[in-house]
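As provided, final_7.txt (compact mmCIF, C-alpha atoms) reads as follows.
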# COMPACT_ATOMS: atom_id res chain seq x y z
CA MET A 1 -87.44 -58.50 -33.37
CA ASN A 2 -85.38 -60.48 -30.85
CA THR A 3 -82.65 -58.94 -28.81
CA PRO A 4 -79.77 -61.05 -27.50
CA LYS A 5 -80.50 -59.78 -23.96
CA ASN A 6 -84.08 -61.04 -24.08
CA GLU A 7 -83.06 -64.39 -25.50
CA ARG A 8 -80.60 -64.83 -22.65
CA ALA A 9 -83.25 -63.86 -20.11
CA VAL A 10 -85.69 -66.41 -21.56
CA ARG A 11 -83.03 -69.14 -21.60
CA ASP A 12 -82.00 -68.42 -17.98
CA SER A 13 -85.64 -68.34 -16.88
CA LYS A 14 -86.15 -72.04 -17.64
CA ALA A 15 -84.24 -73.12 -14.52
CA LEU A 16 -86.57 -73.37 -11.51
CA LEU A 17 -83.76 -73.09 -8.98
CA PRO A 18 -80.08 -72.20 -9.41
CA PRO A 19 -77.36 -74.55 -8.10
CA PHE A 20 -77.19 -74.72 -4.28
CA LYS A 21 -73.93 -72.73 -4.06
CA ALA A 22 -75.51 -69.89 -6.04
CA LEU A 23 -78.36 -69.80 -3.53
CA LEU A 24 -76.02 -68.74 -0.72
CA THR A 25 -76.24 -64.99 -1.41
CA PRO A 26 -76.41 -62.40 1.41
CA PHE A 27 -80.05 -61.65 0.51
CA ASN A 28 -81.05 -65.33 0.61
CA VAL A 29 -79.30 -65.95 3.94
CA PHE A 30 -80.99 -62.88 5.45
CA ALA A 31 -84.37 -63.87 4.00
CA ALA A 32 -84.07 -67.46 5.25
CA THR A 33 -83.23 -66.25 8.79
CA VAL A 34 -86.13 -63.78 8.88
CA VAL A 35 -88.60 -66.31 7.44
CA GLY A 36 -87.36 -69.01 9.86
CA VAL A 37 -87.91 -66.78 12.93
CA GLY A 38 -91.31 -65.64 11.58
CA LEU A 39 -92.52 -69.18 10.95
CA ILE A 40 -91.55 -70.25 14.48
CA VAL A 41 -93.63 -67.35 15.86
CA VAL A 42 -96.54 -68.34 13.58
CA LEU A 43 -96.33 -71.92 14.92
CA ILE A 44 -96.45 -70.61 18.52
CA ARG A 45 -99.42 -68.38 17.61
CA PHE A 46 -101.41 -71.31 16.22
CA ALA A 47 -100.41 -73.61 19.09
CA ARG A 48 -100.93 -71.23 22.01
CA GLY A 49 -103.15 -68.42 20.69
CA LEU A 50 -102.80 -64.69 20.03
CA GLY A 51 -102.00 -63.88 23.67
CA ALA A 52 -98.76 -65.87 23.52
CA VAL A 53 -97.17 -63.77 20.79
CA THR A 54 -99.02 -60.42 20.64
CA ASN A 55 -99.75 -57.52 22.97
CA LEU A 56 -103.37 -57.39 21.81
CA ASP A 57 -106.15 -57.23 24.40
CA GLN A 58 -109.86 -56.37 24.64
CA ASN A 59 -109.13 -52.67 24.11
CA TYR A 60 -106.85 -53.25 21.15
CA PRO A 61 -108.17 -56.27 19.22
CA TRP A 62 -106.51 -55.09 16.00
CA GLY A 63 -102.78 -54.45 16.03
CA LEU A 64 -99.82 -54.39 13.70
CA TRP A 65 -100.96 -57.37 11.61
CA ILE A 66 -104.23 -55.65 10.68
CA GLY A 67 -102.81 -52.10 10.64
CA PHE A 68 -99.73 -52.83 8.54
CA ASP A 69 -100.12 -56.20 6.84
CA VAL A 70 -103.76 -55.77 5.86
CA LEU A 71 -104.52 -52.03 5.62
CA CYS A 72 -101.13 -50.92 4.27
CA GLY A 73 -100.83 -54.10 2.17
CA VAL A 74 -104.15 -53.53 0.40
CA ALA A 75 -103.46 -49.81 -0.17
CA LEU A 76 -99.95 -50.38 -1.53
CA ALA A 77 -101.16 -53.20 -3.78
CA ALA A 78 -103.47 -50.72 -5.55
CA GLY A 79 -100.88 -50.26 -8.31
CA GLY A 80 -102.35 -53.35 -9.99
CA TYR A 81 -105.77 -51.88 -10.68
CA ILE A 82 -104.34 -48.40 -11.37
CA MET A 83 -101.99 -49.62 -14.11
CA ALA A 84 -104.48 -52.16 -15.53
CA SER A 85 -107.12 -49.45 -15.94
CA THR A 86 -104.50 -47.00 -17.32
CA VAL A 87 -103.43 -49.42 -20.06
CA TYR A 88 -106.50 -51.56 -20.80
CA LEU A 89 -109.34 -49.13 -20.12
CA PHE A 90 -107.86 -45.69 -20.83
CA GLY A 91 -105.69 -47.04 -23.66
CA LEU A 92 -102.47 -45.33 -22.51
CA GLU A 93 -100.29 -47.97 -24.16
CA ARG A 94 -97.01 -46.20 -23.38
CA TYR A 95 -97.40 -47.32 -19.73
CA ARG A 96 -97.40 -51.01 -20.74
CA PRO A 97 -93.78 -51.61 -19.59
CA LEU A 98 -94.95 -50.86 -16.02
CA LEU A 99 -98.10 -52.99 -16.25
CA ARG A 100 -96.90 -56.50 -15.46
CA PRO A 101 -94.66 -55.53 -12.51
CA ALA A 102 -97.61 -53.56 -11.07
CA ILE A 103 -100.04 -56.47 -11.50
CA LEU A 104 -97.52 -58.87 -9.98
CA THR A 105 -96.95 -56.52 -7.01
CA GLY A 106 -100.72 -56.20 -6.59
CA PHE A 107 -101.33 -59.94 -6.80
CA LEU A 108 -98.56 -60.81 -4.33
CA GLY A 109 -99.64 -57.92 -2.07
CA TYR A 110 -103.19 -59.24 -1.84
CA ALA A 111 -102.08 -62.88 -1.51
CA PHE A 112 -99.94 -61.98 1.51
CA VAL A 113 -102.70 -59.81 2.96
CA VAL A 114 -104.76 -63.02 3.06
CA VAL A 115 -101.85 -64.93 4.65
CA ALA A 116 -101.41 -62.24 7.34
CA LEU A 117 -105.15 -62.14 7.96
CA LEU A 118 -105.20 -65.90 8.48
CA VAL A 119 -102.41 -65.61 11.06
CA ASP A 120 -104.39 -62.91 12.86
CA LEU A 121 -107.81 -64.59 12.66
CA GLY A 122 -106.72 -68.18 13.29
CA ARG A 123 -108.51 -71.35 12.13
CA PRO A 124 -107.24 -70.93 8.54
CA TRP A 125 -109.25 -73.91 7.28
CA ARG A 126 -112.37 -71.74 7.65
CA ILE A 127 -111.18 -69.25 5.01
CA VAL A 128 -113.69 -70.67 2.51
CA PHE A 129 -116.64 -70.18 4.89
CA PRO A 130 -117.66 -66.63 3.78
CA VAL A 131 -117.55 -67.73 0.14
CA PHE A 132 -119.21 -71.15 0.21
CA TYR A 133 -120.91 -71.73 3.54
CA SER A 134 -121.64 -68.84 5.91
CA TYR A 135 -123.08 -65.69 4.36
CA GLY A 136 -122.79 -62.79 6.82
CA VAL A 137 -124.38 -60.36 4.38
CA THR A 138 -124.80 -57.60 6.97
CA SER A 139 -121.06 -57.45 7.72
CA VAL A 140 -118.53 -55.18 6.02
CA MET A 141 -116.00 -57.97 6.64
CA PHE A 142 -118.12 -60.32 4.49
CA LEU A 143 -117.92 -57.73 1.70
CA VAL A 144 -114.15 -57.42 2.11
CA ALA A 145 -113.70 -61.22 2.12
CA TRP A 146 -115.67 -61.63 -1.12
CA HIS A 147 -113.94 -58.69 -2.78
CA VAL A 148 -110.46 -59.92 -1.91
CA PHE A 149 -111.36 -63.44 -3.12
CA LEU A 150 -112.76 -62.15 -6.43
CA TYR A 151 -110.07 -59.54 -6.93
CA LEU A 152 -107.29 -62.07 -6.38
CA THR A 153 -108.92 -64.20 -9.09
CA CYS A 154 -109.04 -61.18 -11.44
CA GLN A 155 -105.39 -60.35 -10.82
CA PHE A 156 -104.42 -63.97 -11.35
CA ILE A 157 -106.17 -63.89 -14.75
CA GLU A 158 -104.43 -60.60 -15.59
CA PHE A 159 -101.02 -62.08 -14.75
CA CYS A 160 -101.62 -65.48 -16.41
CA PRO A 161 -100.32 -64.40 -19.86
CA ALA A 162 -96.84 -63.96 -18.34
CA VAL A 163 -97.02 -67.42 -16.74
CA PHE A 164 -98.18 -69.08 -19.97
CA GLU A 165 -95.50 -67.27 -22.00
CA TRP A 166 -92.92 -68.64 -19.57
CA LEU A 167 -94.35 -72.15 -19.82
CA GLY A 168 -94.71 -71.88 -23.60
CA TRP A 169 -98.45 -72.65 -23.55
CA LYS A 170 -99.48 -70.59 -26.56
CA ASN A 171 -103.13 -71.73 -26.79
CA MET A 172 -103.78 -71.13 -23.09
CA ARG A 173 -102.18 -67.70 -23.38
CA ARG A 174 -104.41 -66.80 -26.34
CA TRP A 175 -107.52 -67.75 -24.35
CA VAL A 176 -106.55 -65.96 -21.18
CA VAL A 177 -105.61 -62.75 -23.03
CA ARG A 178 -109.23 -62.59 -24.23
CA LEU A 179 -110.38 -62.51 -20.62
CA THR A 180 -108.02 -59.69 -19.63
CA VAL A 181 -110.24 -56.67 -20.34
CA GLY A 182 -113.19 -58.30 -18.55
CA ALA A 183 -110.98 -59.15 -15.58
CA THR A 184 -109.66 -55.56 -15.53
CA ILE A 185 -113.15 -54.03 -15.50
CA ALA A 186 -114.24 -56.41 -12.72
CA GLY A 187 -110.96 -55.68 -10.88
CA VAL A 188 -111.47 -51.90 -10.99
CA ILE A 189 -115.04 -52.21 -9.70
CA LEU A 190 -113.98 -54.59 -6.92
CA SER A 191 -111.01 -52.40 -5.95
CA THR A 192 -113.16 -49.28 -5.76
CA LEU A 193 -115.53 -51.12 -3.47
CA HIS A 194 -113.14 -52.92 -1.15
CA GLN A 195 -110.59 -50.10 -0.79
CA SER A 196 -113.42 -47.93 0.49
CA ALA A 197 -114.97 -50.84 2.43
CA LEU A 198 -111.78 -51.19 4.47
CA GLY A 199 -112.24 -47.55 5.51
CA ALA A 200 -115.91 -48.23 6.17
CA LEU A 201 -114.88 -50.82 8.77
CA PHE A 202 -113.79 -47.91 10.98
CA LEU A 203 -117.20 -46.24 10.73
CA LEU A 204 -118.17 -48.87 13.31
CA ALA A 205 -115.84 -47.29 15.88
CA PRO A 206 -116.87 -43.62 16.21
CA GLY A 207 -115.78 -43.33 19.84
CA LYS A 208 -112.57 -45.26 19.41
CA VAL A 209 -110.88 -43.55 16.46
CA HIS A 210 -109.64 -40.01 17.23
CA PRO A 211 -112.17 -37.45 15.87
CA LEU A 212 -109.59 -35.91 13.53
CA TRP A 213 -109.21 -39.26 11.74
CA TYR A 214 -112.80 -40.40 12.19
CA SER A 215 -115.13 -38.98 9.58
CA SER A 216 -118.15 -40.08 7.60
CA LEU A 217 -115.83 -39.60 4.62
CA ILE A 218 -113.38 -42.36 5.71
CA PRO A 219 -114.44 -44.66 2.82
CA VAL A 220 -113.76 -41.81 0.35
CA PHE A 221 -110.39 -41.08 2.05
CA PHE A 222 -109.39 -44.74 1.77
CA PHE A 223 -110.34 -44.95 -1.90
CA VAL A 224 -108.66 -41.68 -2.98
CA SER A 225 -105.53 -42.45 -0.95
CA SER A 226 -105.39 -45.93 -2.53
CA ILE A 227 -105.05 -44.26 -5.96
CA ILE A 228 -102.15 -42.21 -4.57
CA ALA A 229 -100.65 -45.32 -2.94
CA GLY A 230 -100.93 -47.27 -6.18
CA LEU A 231 -99.24 -44.55 -8.25
CA ALA A 232 -96.47 -43.99 -5.68
CA MET A 233 -95.89 -47.71 -5.29
CA VAL A 234 -95.58 -48.25 -9.06
CA ILE A 235 -92.92 -45.49 -9.21
CA PHE A 236 -91.14 -46.85 -6.11
CA GLU A 237 -91.27 -50.47 -7.27
CA SER A 238 -90.13 -49.62 -10.82
CA THR A 239 -87.21 -47.62 -9.36
CA LEU A 240 -86.07 -50.63 -7.32
CA SER A 241 -86.73 -53.14 -10.12
CA HIS A 242 -84.78 -51.10 -12.65
CA ARG A 243 -81.78 -51.03 -10.35
CA ILE A 244 -81.88 -54.61 -9.09
CA PHE A 245 -83.04 -56.41 -12.25
CA ARG A 246 -81.21 -54.25 -14.81
CA ASP A 247 -80.28 -57.32 -16.89
CA GLN A 248 -83.98 -58.19 -17.30
CA LEU A 249 -85.00 -54.88 -18.87
CA ASP A 250 -85.99 -54.39 -22.47
CA PRO A 251 -83.25 -52.14 -23.92
CA GLU A 252 -85.78 -50.17 -25.97
CA HIS A 253 -88.02 -49.47 -22.94
CA ALA A 254 -85.33 -48.50 -20.43
CA PRO A 255 -84.74 -44.91 -21.69
CA SER A 256 -88.48 -44.08 -21.70
CA ILE A 257 -88.99 -45.07 -18.06
CA ASP A 258 -88.18 -41.52 -16.85
CA ASN A 259 -91.01 -40.14 -18.99
CA LEU A 260 -93.41 -42.71 -17.58
CA VAL A 261 -92.32 -41.86 -14.03
CA LEU A 262 -92.98 -38.17 -14.73
CA GLY A 263 -96.45 -39.03 -16.08
CA LEU A 264 -97.30 -41.05 -12.98
CA GLY A 265 -95.88 -38.26 -10.79
CA LYS A 266 -98.24 -35.80 -12.45
CA ALA A 267 -101.24 -38.04 -11.76
CA ALA A 268 -100.08 -38.51 -8.15
CA ALA A 269 -99.74 -34.72 -7.66
CA ILE A 270 -103.33 -34.17 -8.83
CA ALA A 271 -104.68 -37.05 -6.69
CA LEU A 272 -102.78 -35.74 -3.63
CA LEU A 273 -104.25 -32.25 -4.16
CA CYS A 274 -107.78 -33.70 -4.21
CA TYR A 275 -107.03 -35.81 -1.13
CA PHE A 276 -105.60 -32.78 0.74
CA PHE A 277 -108.79 -30.77 0.27
CA LEU A 278 -110.98 -33.79 1.06
CA LYS A 279 -109.17 -34.19 4.40
CA TRP A 280 -109.98 -30.58 5.31
CA ILE A 281 -113.61 -31.02 4.25
CA GLY A 282 -113.63 -33.96 6.71
CA VAL A 283 -112.36 -31.71 9.53
CA ALA A 284 -114.83 -28.93 8.62
CA ARG A 285 -117.78 -31.36 8.44
CA ASP A 286 -117.34 -32.39 12.09
CA GLN A 287 -116.04 -28.96 13.21
CA HIS A 288 -112.94 -30.29 14.94
CA TRP A 289 -110.77 -27.22 14.34
CA ASP A 290 -110.09 -26.84 18.10
CA LEU A 291 -108.54 -30.34 18.23
CA LEU A 292 -105.76 -29.18 15.91
CA ARG A 293 -104.16 -27.43 18.89
CA THR A 294 -103.78 -30.69 20.87
CA PRO A 295 -100.77 -33.08 20.59
CA MET A 296 -102.86 -35.47 18.44
CA GLY A 297 -103.81 -32.44 16.32
CA HIS A 298 -100.11 -31.72 15.73
CA TRP A 299 -99.66 -35.36 14.71
CA PHE A 300 -102.61 -34.96 12.30
CA LEU A 301 -101.05 -31.79 10.86
CA LEU A 302 -97.75 -33.63 10.40
CA GLU A 303 -99.57 -36.32 8.40
CA VAL A 304 -101.61 -33.91 6.27
CA LEU A 305 -98.93 -31.25 5.69
CA GLY A 306 -95.79 -33.42 5.73
CA PHE A 307 -97.07 -36.50 3.89
CA VAL A 308 -99.86 -35.09 1.70
CA ALA A 309 -99.23 -31.39 0.95
CA LEU A 310 -95.43 -31.66 0.76
CA PRO A 311 -95.39 -34.67 -1.62
CA CYS A 312 -98.06 -32.94 -3.72
CA LEU A 313 -95.81 -29.88 -4.17
CA LEU A 314 -92.67 -32.00 -4.69
CA PHE A 315 -94.39 -34.11 -7.36
CA ALA A 316 -95.52 -30.90 -9.10
CA LEU A 317 -92.00 -29.44 -8.89
CA GLY A 318 -90.49 -32.68 -10.19
CA VAL A 319 -92.89 -32.76 -13.15
CA ARG A 320 -92.39 -29.06 -13.94
CA THR A 321 -88.59 -29.31 -13.89
CA ARG A 322 -88.68 -32.82 -15.48
CA ASN A 323 -86.67 -34.16 -12.55
CA ALA A 324 -87.45 -37.89 -12.42
CA SER A 325 -85.17 -38.41 -9.39
CA LEU A 326 -87.23 -35.91 -7.37
CA VAL A 327 -90.44 -37.70 -8.43
CA ARG A 328 -88.92 -41.04 -7.34
CA PHE A 329 -87.89 -39.63 -3.94
CA THR A 330 -91.37 -38.13 -3.52
CA ALA A 331 -92.96 -41.49 -4.34
CA PHE A 332 -90.99 -43.01 -1.45
CA LEU A 333 -92.17 -40.18 0.83
CA THR A 334 -95.75 -40.78 -0.30
CA VAL A 335 -95.53 -44.51 0.42
CA LEU A 336 -94.35 -43.63 3.94
CA GLY A 337 -97.29 -41.21 4.25
CA ILE A 338 -99.82 -43.89 3.26
CA ILE A 339 -98.31 -46.31 5.82
CA LEU A 340 -98.47 -43.57 8.47
CA ASN A 341 -102.11 -42.83 7.62
CA ARG A 342 -103.21 -46.46 7.84
CA LEU A 343 -101.29 -47.00 11.09
CA ASN A 344 -102.76 -43.78 12.51
CA ILE A 345 -106.32 -44.92 11.88
CA SER A 346 -105.88 -48.52 13.02
CA VAL A 347 -103.29 -48.27 15.79
CA ILE A 348 -101.98 -44.81 16.80
CA ALA A 349 -105.23 -42.81 16.82
CA PHE A 350 -107.29 -45.88 17.77
CA ARG A 351 -108.15 -45.73 21.49
CA TRP A 352 -105.75 -42.79 21.70
CA ASN A 353 -107.03 -41.82 25.15
CA GLU A 354 -106.38 -45.16 26.90
CA ALA A 355 -103.95 -45.03 29.82
CA GLU A 356 -102.25 -48.23 28.71
CA ARG A 357 -101.42 -48.00 25.01
CA TYR A 358 -100.83 -50.92 22.66
CA ILE A 359 -97.25 -51.37 21.54
CA PRO A 360 -96.63 -54.36 19.23
CA SER A 361 -94.42 -57.14 20.61
CA TRP A 362 -91.19 -58.12 18.84
CA MET A 363 -92.92 -61.29 17.69
CA GLU A 364 -95.61 -59.27 15.89
CA PHE A 365 -92.85 -57.37 14.08
CA ALA A 366 -91.10 -60.69 13.30
CA VAL A 367 -94.22 -62.08 11.58
CA THR A 368 -94.80 -58.83 9.64
CA ILE A 369 -91.18 -58.73 8.43
CA CYS A 370 -91.43 -62.44 7.59
CA VAL A 371 -94.54 -61.89 5.44
CA VAL A 372 -92.94 -58.92 3.62
CA THR A 373 -89.73 -60.91 3.05
CA ILE A 374 -91.61 -63.90 1.57
CA GLY A 375 -93.49 -61.46 -0.72
CA VAL A 376 -90.26 -59.76 -1.89
CA SER A 377 -88.56 -63.15 -2.41
CA MET A 378 -91.46 -64.44 -4.49
CA PHE A 379 -91.46 -61.24 -6.57
CA ARG A 380 -87.72 -61.74 -7.16
CA TRP A 381 -88.17 -65.42 -8.08
CA ILE A 382 -90.94 -64.65 -10.58
CA VAL A 383 -89.26 -61.60 -12.13
CA LYS A 384 -86.07 -63.59 -12.71
CA ARG A 385 -87.99 -66.28 -14.60
CA MET A 386 -91.10 -64.90 -16.24
CA PRO A 387 -91.41 -62.09 -18.80
CA VAL A 388 -92.38 -59.36 -16.34
CA LEU A 389 -89.86 -56.58 -16.96
CA TYR A 390 -89.28 -57.48 -20.60
CA GLU A 391 -91.45 -58.63 -23.49
CA HIS A 392 -91.07 -62.29 -24.41
CA PRO A 393 -89.33 -62.36 -27.83
CA GLU A 394 -92.07 -64.59 -29.29
CA TYR A 395 -94.84 -62.20 -28.26
CA LYS A 396 -93.26 -58.83 -29.00
CA GLY A 397 -95.97 -56.32 -29.83
CA VAL A 398 -98.70 -58.99 -29.46
CA HIS A 399 -101.05 -57.99 -26.62
CA MET B 1 -125.47 -13.14 4.30
CA GLY B 2 -122.33 -14.53 2.73
CA LEU B 3 -120.54 -14.37 6.08
CA LEU B 4 -123.44 -16.16 7.75
CA ILE B 5 -123.27 -18.95 5.20
CA ALA B 6 -119.51 -19.14 5.60
CA ALA B 7 -119.88 -19.41 9.37
CA SER B 8 -122.11 -22.44 9.08
CA THR B 9 -120.54 -25.89 8.76
CA LYS B 10 -121.85 -26.51 5.28
CA GLY B 11 -120.63 -23.09 4.21
CA VAL B 12 -117.07 -23.87 5.31
CA GLU B 13 -117.24 -27.22 3.52
CA TYR B 14 -118.39 -25.54 0.31
CA ILE B 15 -115.69 -22.87 0.59
CA ILE B 16 -112.98 -25.54 1.01
CA ALA B 17 -114.45 -27.46 -1.93
CA LEU B 18 -114.46 -24.32 -4.10
CA VAL B 19 -110.88 -23.41 -3.15
CA GLY B 20 -109.94 -27.03 -3.88
CA LEU B 21 -111.60 -26.88 -7.29
CA ALA B 22 -109.80 -23.62 -8.11
CA ALA B 23 -106.48 -25.13 -6.95
CA PHE B 24 -107.21 -28.24 -9.03
CA LEU B 25 -107.75 -26.20 -12.21
CA LEU B 26 -104.66 -24.10 -11.50
CA PHE B 27 -102.66 -27.27 -10.88
CA LEU B 28 -103.73 -28.78 -14.20
CA ARG B 29 -102.51 -25.61 -15.91
CA ILE B 30 -99.21 -25.54 -14.02
CA LEU B 31 -98.49 -29.22 -14.68
CA LYS B 32 -99.03 -28.95 -18.42
CA THR B 33 -95.63 -29.43 -20.03
CA PRO B 34 -94.58 -27.26 -23.02
CA GLU B 35 -94.92 -30.34 -25.32
CA GLU B 36 -98.50 -30.89 -24.17
CA LYS B 37 -99.35 -27.24 -24.80
CA ASP B 38 -97.93 -27.46 -28.34
CA ARG B 39 -99.54 -30.84 -29.11
CA PRO B 40 -102.57 -30.45 -31.41
CA GLN B 41 -105.77 -31.47 -29.67
CA GLU B 42 -107.10 -34.91 -30.54
CA GLY B 43 -110.78 -35.72 -30.86
CA ARG B 44 -113.82 -34.31 -32.62
CA HIS B 45 -112.77 -30.67 -32.76
CA GLY B 46 -109.28 -31.03 -34.06
CA SER B 47 -107.39 -34.24 -34.63
CA ALA B 48 -103.67 -34.40 -35.32
CA HIS B 49 -104.60 -35.14 -38.93
CA ALA B 50 -106.85 -32.08 -39.19
CA ALA B 51 -104.17 -29.85 -37.69
CA LYS B 52 -101.96 -30.67 -40.67
Reformat the file's structure so that it appears as structure tokens.
Amino acid sequence: MNTPKNERAVRDSKALLPPFKALLTPFNVFAATVVGVGLIVVLIRFARGLGAVTNLDQNYPWGLWIGFDVLCGVALAAGGYIMASTVYLFGLERYRPLLRPAILTGFLGYAFVVVALLVDLGRPWRIVFPVFYSYGVTSVMFLVAWHVFLYLTCQFIEFCPAVFEWLGWKNMRRWVVRLTVGATIAGVILSTLHQSALGALFLLAPGKVHPLWYSSLIPVFFFVSSIIAGLAMVIFESTLSHRIFRDQLDPEHAPSIDNLVLGLGKAAAIALLCYFFLKWIGVARDQHWDLLRTPMGHWFLLEVLGFVALPCLLFALGVRTRNASLVRFTAFLTVLGIILNRLNISVIAFRWNEAERYIPSWMEFAVTICVVTIGVSMFRWIVKRMPVLYEHPEYKGVH
Amino acid sequence: MGLLIAASTKGVEYIIALVGLAAFLLFLRILKTPEEKDRPQEGRHGSAHAAK
């Protein structure tokens, strides 16, 4: 059954770009400025090296671009595999309205992780080396490179039906839909492995990461917290999407979104509870109780109590009282907590005892904001054209 | 003996894990909404159809 709203959305989506005057919105002007500054910095980085634009040195070889763009980017893009497994593998069909936005967020998240990594590593033409030419099979980075390459392919396959619906390629859509479950299973396996592998990278630095964050359980922490990040990010992203792209929503799905948010909040509360106890098992395993009384210990307590225990209780309260707004606020708090955790491990608690600490330069921030802005702009461009927040009228109920 | 086990590292880990498991089960109970409690159980031992 077609709705006038959907028909209008499909008709509007055919235009690749609006007229030039319509492009001059405050968001576009801001985005163009940020991207312009970022691209200039990227040009300087490739022309004159990392030292020209970053505050990185031999003590701090990984900075904001790895800590935020890569570690936070991968964790917050976990919504893709969480929602794909929820709908395709566990058969919870009622979460389908949140599936495509989550896959799109995941796909763009990973794509821009690769872009940021190329800016950090340099020599971008060698990106294909780990896949086709140079097999560093003993390196965790080799594992991460392969996983990201394969997982991006899986997510592309999962998102292809939306692209083909937009283009009107019915045969191609029918073929790619058949691959979806296979791509989802492969995607879940790959995500499990590379989310934890990113944590495993830090197992190589036992003397450099503060003992309260360093643990043999880091891979487990990274994987469990990626589930939390994925759930929180789906709630956060759906909250923003449903405000900004209200005209794109399916009228019959809009009222049920609160119920879906409560369901995700419940899952997040349970995952946070598990993560909270795992963190304390990590402290007990290495017997670092005395370090909790130091300034870094207070910082650790702030992370674990303020951004793990508190969101866990708030999610539970929100679910119990059926308060979707509280769950949405808590999702935002949780996203902040995940960012704090990844920055703690890679930047703040990394070489914490050095006299001269690493503080990112303004140019590092400019590139990070540029990458995020391009990601958000692409999400906006795609959502306004392809059937992401609504079902295409010709494929209603056909999955 | 119990105190000795608890004093050891592994003992503390197991205690935290046990408390976590208890909290997990309690949490599942707390988070069950009234509709979920009333919903007839699906599966082998009692499908929605059988409940009728």
Could you build a table of the residues in chain A lying no more than 10 Å from chain B, giving for each the nearest pair of atoms and their separation in Å rounded to one decimal place, using only C-alpha atoms, ordered by chain and ascending residue number, as a tab-separated table?
residue	atom	partner	partner_atom	distance
A:Lys266	CA	B:Leu31	CA	7.0
A:Ala267	CA	B:Leu31	CA	9.7
A:Ala269	CA	B:Phe27	CA	8.6
A:Ile270	CA	B:Phe24	CA	7.1
A:Ala271	CA	B:Phe24	CA	9.5
A:Leu273	CA	B:Phe24	CA	7.0
A:Cys274	CA	B:Gly20	CA	7.0
A:Tyr275	CA	B:Gly20	CA	9.6
A:Phe276	CA	B:Gly20	CA	8.6
A:Phe277	CA	B:Gly20	CA	5.7
A:Leu278	CA	B:Ala17	CA	7.8
A:Trp280	CA	B:Ile16	CA	7.3
A:Ile281	CA	B:Glu13	CA	5.3
A:Gly282	CA	B:Glu13	CA	8.3
A:Val283	CA	B:Glu13	CA	8.9
A:Ala284	CA	B:Glu13	CA	5.9
A:Arg285	CA	B:Thr9	CA	6.1
A:Asp286	CA	B:Thr9	CA	8.0
A:Gln287	CA	B:Thr9	CA	7.0
A:Leu313	CA	B:Phe27	CA	9.9
A:Phe315	CA	B:Leu31	CA	9.7
A:Ala316	CA	B:Leu31	CA	6.5
A:Leu317	CA	B:Leu31	CA	8.7
A:Gly318	CA	B:Leu31	CA	9.8
A:Val319	CA	B:Leu31	CA	6.8
A:Arg320	CA	B:Leu31	CA	6.1
A:Thr321	CA	B:Thr33	CA	9.3
A:Arg322	CA	B:Thr33	CA	9.0
List as a list in words the protein and nucleic acid residues near A:Val144, meaning an atom at most 8 Å away when only C-alpha atoms are counted, but skip any in the same chain fewer than 5 places from it.
His194, Ala197 and Leu198 of chain A
Between atom CA of A:Ala78 and atom CA of A:Leu231, what is the distance, to one decimal in Å?
8.0 Å
Which is closer to A:Gln195 than all the others in A:Val181, A:Ile359, A:Leu71, A:Ile382, using all atoms listed in the file?
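Residue with the minimum atom-to-atom distance to A:Gln195: A:Leu71.
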Tell me, in Å to one decimal, how far atom CA of A:Ile374 is from atom CA of A:Arg45.
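Taking atom CA of A:Ile374 and atom CA of A:Arg45, their separation equals 18.4 Å.
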If I put a ball of radius 9 Å at (-103.7, -48.8, 0.2) in the file's coordinates, which residues poke into it when counting all atoms listed in the file, written as a list in words?
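Residues satisfying the cut-off, written out: Val70, Leu71, Cys72, Gly73, Val74, Ala75, Leu76, Ala77, Ala78, Gln195, Phe222, Phe223, Ser225, Ser226, Ile227, Ile228, Ala229, Gly230, Ile338, Ile339 and Arg342 of chain A.
Taking atom CA of A:Leu302 as the reference point, atom CA of A:Glu356 is found at 23.8 Å.
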Near-A:Phe202 list (12 Å; all atoms listed in the file; drop same-chain fewer than 5 positions) as an NGL selection string:
:A and (62 or 67 or 71 or 140-141 or 196-197 or 207-211 or 213-219 or 221-222 or 342 or 344-347 or 349-350)
Show which residues sit within 12 Å of A:Arg123, as a list in words. Count all atoms listed in the file, and ignore same-chain residues fewer than 6 positions away.
Arg45, Phe46, Ala47, Gly49, Leu50, Val115, Leu117 and Phe129 of chain A
With 4 Å added on each side, what axis-aligned box encloses every listed atom of stretch 289-297 of chain A? Give the centre and edge lengths in Å to one decimal, as AutoDock Vina command-line options.
--center_x -105.8 --center_y -31.2 --center_z 17.6 --size_x 18.0 --size_y 16.6 --size_z 14.5
Please identify all polymer residues within 12 Å of A:Gly187, counting only C-alpha atoms, omitting same-chain residues fewer than 6 positions from it, and present them as a VMD selection string.
chain A and resid 78 to 85 88 to 89 103 106 to 107 147 to 158 179 to 181 193 to 195
